[in-house]
Amino acid sequence: MKFLDEKILNDFQVNDLIYQNDFALAADYLFRSQMKSWQLMKNNYDAQQNIKTKSFWFESFKFNVQYNPERIKSTSASVDEKSISHRACFLCTNNLPDDQQGILIGDNFILLCNPYPIFPQHFTITALEHKPQMILDHFREFLVLSKILFPRYTMIYNGPACGASAPDHLHFQAGTKNFMPIENDIQQMKNDFGKLIQEKEDISTTFINDGLRRIVLIESADQSQIEKVFNAIFNTYKKISPAESEPMMNLLCSYDKEFGWSLIIFLRSKHRPDYFFKDDSEKMLISPAAVDLGGFVITPREEDFLMADKALLLQIINEVSLDQDIFSLIEKKVQTELN
C-alpha cells in the first residue's frame, strides 16, 4: 500500500473523467496512456494483430479458439498452496511492474491494464488489500463495478479453484463488451436450452444446459433481487460441494441502462481437464476459466490450437462443467426456495 500513490495515473483528463463518474471512459484513457508509456504492454497488444483464431458453431452458439502464446503463464500457473506461499503476490501494489499504473475504482479497488491480453482492451481490477479470492462477501461490489464500467466492458470473476491465477488476492477482470461469443448467444441459448425457474416483474432466473456447459442466467434491473438469488444459488451449491472454500464457479456480468444486469454463472466440477495432466505427447495446455467458458478458448501453444476441434471442445468443456444430475438437483432446490 505504501507505493499506491505512485501507481495511480494522475493527470487532468483522467481525473476529470473520474470526477464525472465516467469510469468506462477513464479506463479507456488509462489504456491509451499505458500503450504510450509501457512498452511490454504495447508489444503484446500489437502482437494481437497477428494472433490466430478459428471458430466452431454448435446448434445455437459459437466457440472461438485463439492461439495466444503470451497467456502461457496464466494458463499453466501453479495455484496450490505451496507454490503460492513461495512467490510474491503479483497483484499487490508494491509488486507491480515499474511502468504499470492504474486508477482507483470503487472504494477498495485499483483498475489496471492487463499486459497479457485476450480482449482488445483487457483490465485487472485488484483489491487494494491482500485477501483471498472469494465472491460471496464481494458480490455486491462486483455488480456495482459492472454498472460503473457500462457501456464498454464486461466484468469477469474466476473462482479460486477454477481459473484464478492469483487465488490469494481478490481480483476481478474486465474486457471489451460483446467480445465473448456467449454475450451475443445467451438469449438464443435461453430459448433453446433454458428452463425458467423464476419469472417476476423485476427478475428472471434461467438454468441452461447446452450440452457443454451448465449455466445459470439471472437478469434484473434490481440489484437487491440479484443478490438474493445469487445467495440462494451459492448457498444451495455450497451444501452440495462442502469441501471447497467456495463452490466452483465463474461469472460474467454486464449492465445495460434499459434492462439492468445480465449475470452468467458457470457451474464447475473441476479446474482442469485430464488432457492438461497427460504425458508430453498427449498433453494439452487448455485450462478453462470464465473467458473460455464464455466461448473464447485460449491455447498458448500452437500444437494445441491446431489440435482443437469441435469434438475436443465438447469433451473438455463438458468435463470441467458441473455434472448434469447435480445441476438438476441444484435447479430444483433453488426453484423451491425462490418460489
# chains A, B, ... in the order shown; residues from 1 in each chain; ligands from 1
>>> residues_around(residues="Tyr19 (chain A)", least_positions_apart="6", cutoff="12 Å", atoms="only C-alpha atoms", output="PyMOL selection string")
chain A and resi 12-13+25-26+104-105
>>> residues_around(residues="region 147-161 of chain A", least_positions_apart="3", cutoff="6 Å", atoms="only C-alpha atoms", output="PyMOL selection string")
chain A and resi 23-24+133+144+164+167+172-177+249-255
>>> residues_around(residues="region 219-233 of chain A", least_positions_apart="5", cutoff="7 Å", atoms="only C-alpha atoms", output="list in words")
Asp202, Ile203, Ser204, Thr205, Phe259, Gly260, Trp261, Ser262, Leu263 and Val334 of chain A
>>> write_last_selection(atoms="N, CA and C atoms", output="tab-separated table (two decimals), in the first residue's frame")
chain	number	residue	atom	x	y	z
A	202	ASP	N	-39.61	-8.09	-11.72
A	202	ASP	CA	-38.31	-7.43	-11.53
A	202	ASP	C	-37.11	-8.37	-11.66
A	203	ILE	N	-37.34	-9.65	-11.98
A	203	ILE	CA	-36.19	-10.58	-12.10
A	203	ILE	C	-36.61	-11.85	-12.81
A	204	SER	N	-35.67	-12.43	-13.56
A	204	SER	CA	-35.87	-13.78	-14.11
A	204	SER	C	-34.60	-14.59	-13.90
A	205	THR	N	-34.78	-15.89	-13.63
A	205	THR	CA	-33.66	-16.80	-13.41
A	205	THR	C	-33.87	-18.03	-14.27
A	259	PHE	N	-32.16	-2.48	-19.45
A	259	PHE	CA	-32.57	-3.78	-18.93
A	259	PHE	C	-31.90	-4.16	-17.61
A	260	GLY	N	-30.85	-3.46	-17.23
A	260	GLY	CA	-30.17	-3.79	-15.98
A	260	GLY	C	-29.06	-4.79	-16.18
A	261	TRP	N	-28.88	-5.66	-15.19
A	261	TRP	CA	-27.77	-6.61	-15.19
A	261	TRP	C	-28.12	-7.90	-15.90
A	262	SER	N	-27.12	-8.47	-16.55
A	262	SER	CA	-27.19	-9.84	-17.06
A	262	SER	C	-26.01	-10.59	-16.45
A	263	LEU	N	-26.32	-11.51	-15.56
A	263	LEU	CA	-25.29	-12.26	-14.84
A	263	LEU	C	-25.30	-13.71	-15.33
A	334	VAL	N	-33.18	-24.66	-5.76
A	334	VAL	CA	-33.24	-23.20	-5.89
A	334	VAL	C	-34.65	-22.77	-6.29
>>> closest_atom_pairs(of="region 228-302 of chain A", to="region 53-57 of chain A", cutoff="12 Å", atoms="only C-alpha atoms", output="tab-separated table")
residue	atom	partner	partner_atom	distance
A:Gly295	CA	A:Ser55	CA	9.5
A:Phe296	CA	A:Ser55	CA	9.1
A:Val297	CA	A:Thr53	CA	9.5
A:Ile298	CA	A:Thr53	CA	9.4
A:Thr299	CA	A:Thr53	CA	9.9
A:Pro300	CA	A:Thr53	CA	11.8
A:Glu302	CA	A:Thr53	CA	10.9
>>> write_last_selection(atoms="N, CA and C atoms", output="compact mmCIF listing (two decimals), in the first residue's frame")
# COMPACT_ATOMS: atom_id res chain seq x y z
N GLY A 295 -16.94 -18.94 -24.42
CA GLY A 295 -16.86 -19.21 -25.85
C GLY A 295 -15.60 -18.74 -26.52
N PHE A 296 -14.57 -18.35 -25.71
CA PHE A 296 -13.31 -17.90 -26.29
C PHE A 296 -12.18 -18.69 -25.64
N VAL A 297 -11.85 -19.83 -26.23
CA VAL A 297 -10.90 -20.77 -25.64
C VAL A 297 -9.48 -20.36 -26.00
N ILE A 298 -8.63 -20.27 -24.97
CA ILE A 298 -7.25 -19.82 -25.16
C ILE A 298 -6.30 -21.02 -25.20
N THR A 299 -5.48 -21.09 -26.25
CA THR A 299 -4.44 -22.11 -26.36
C THR A 299 -3.09 -21.40 -26.48
N PRO A 300 -2.24 -21.48 -25.46
CA PRO A 300 -0.95 -20.78 -25.52
C PRO A 300 0.10 -21.51 -26.36
N GLU A 302 0.88 -23.58 -30.03
CA GLU A 302 0.32 -23.72 -31.38
C GLU A 302 -0.16 -25.14 -31.64
>>> select_by_dssp(residues="region 216-326 of chain A", states="strand (DSSP E)", output="list of chain:residue names")
A:Val216, A:Leu217, A:Ile218, A:Glu219, A:Ser220, A:Met249, A:Asn250, A:Leu251, A:Leu252, A:Cys253, A:Ser254, A:Tyr255, A:Asp256, A:Gly260, A:Trp261, A:Ser262, A:Leu263, A:Ile264, A:Ile265, A:Phe266, A:Leu267, A:Phe296, A:Val297, A:Ile298, A:Thr299
>>> atom_distance(atom1="CA of Ile8 (chain A)", atom2="CA of Gly102 (chain A)")
5.0 Å
>>> residues_around(residues="Ser60 (chain A)", least_positions_apart="6", cutoff="10 Å", atoms="only C-alpha atoms", output="number ranges by chain")
A: 185-189, 191-193, 210
>>> write_last_selection(atoms="C-alpha atoms", output="short mmCIF file (atom, residue, chain, number, x, y, z; two decimals), in the first residue's frame")
data_model
loop_
_atom_site.label_atom_id
_atom_site.label_comp_id
_atom_site.auth_asym_id
_atom_site.auth_seq_id
_atom_site.Cartn_x
_atom_site.Cartn_y
_atom_site.Cartn_z
CA ASP A 185 -25.65 -16.06 -27.98
CA ILE A 186 -27.12 -16.18 -24.48
CA GLN A 187 -30.69 -15.18 -25.36
CA GLN A 188 -30.93 -17.80 -28.10
CA MET A 189 -29.41 -20.37 -25.72
CA ASN A 191 -34.76 -20.06 -25.66
CA ASP A 192 -33.29 -23.33 -26.93
CA PHE A 193 -31.86 -24.92 -23.77
CA ASP A 210 -26.43 -26.51 -23.70
#
>>> residues_around(residues="region 88-90 of chain A", least_positions_apart="4", cutoff="9 Å", atoms="only C-alpha atoms", output="list in words")
Ile84, Asn94, Asn95, Leu96, Pro97, His130, Ala166, Asp168 and His169 of chain A
>>> closest_residue(among="A:Lys36, A:Lys7, A:His122, A:Lys52", to="Val291 (chain A)", atoms="only C-alpha atoms")
A:His122
>>> residues_around(residues="Leu312 (chain A)", least_positions_apart="3", cutoff="12 Å", atoms="only C-alpha atoms", output="list in words")
Phe56, Phe63, Val65, Leu212, Pro273, Asp274, Tyr275, Met284, Ile286, Val297, Asp304, Phe305, Leu306, Met307, Ala308, Asp309, Gln315, Ile316, Ile317, Asn318 and Glu319 of chain A
>>> closest_residue(among="A:Asp22, A:Ser37, A:Asp323, A:Asp98", to="Asn209 (chain A)", atoms="only C-alpha atoms")
A:Asp323
>>> select_by_dssp(residues="region 108-286 of chain A", states="helix (DSSP H, G or I)", output="number ranges by chain")
A: 136-148, 181-193, 223-240, 274-277
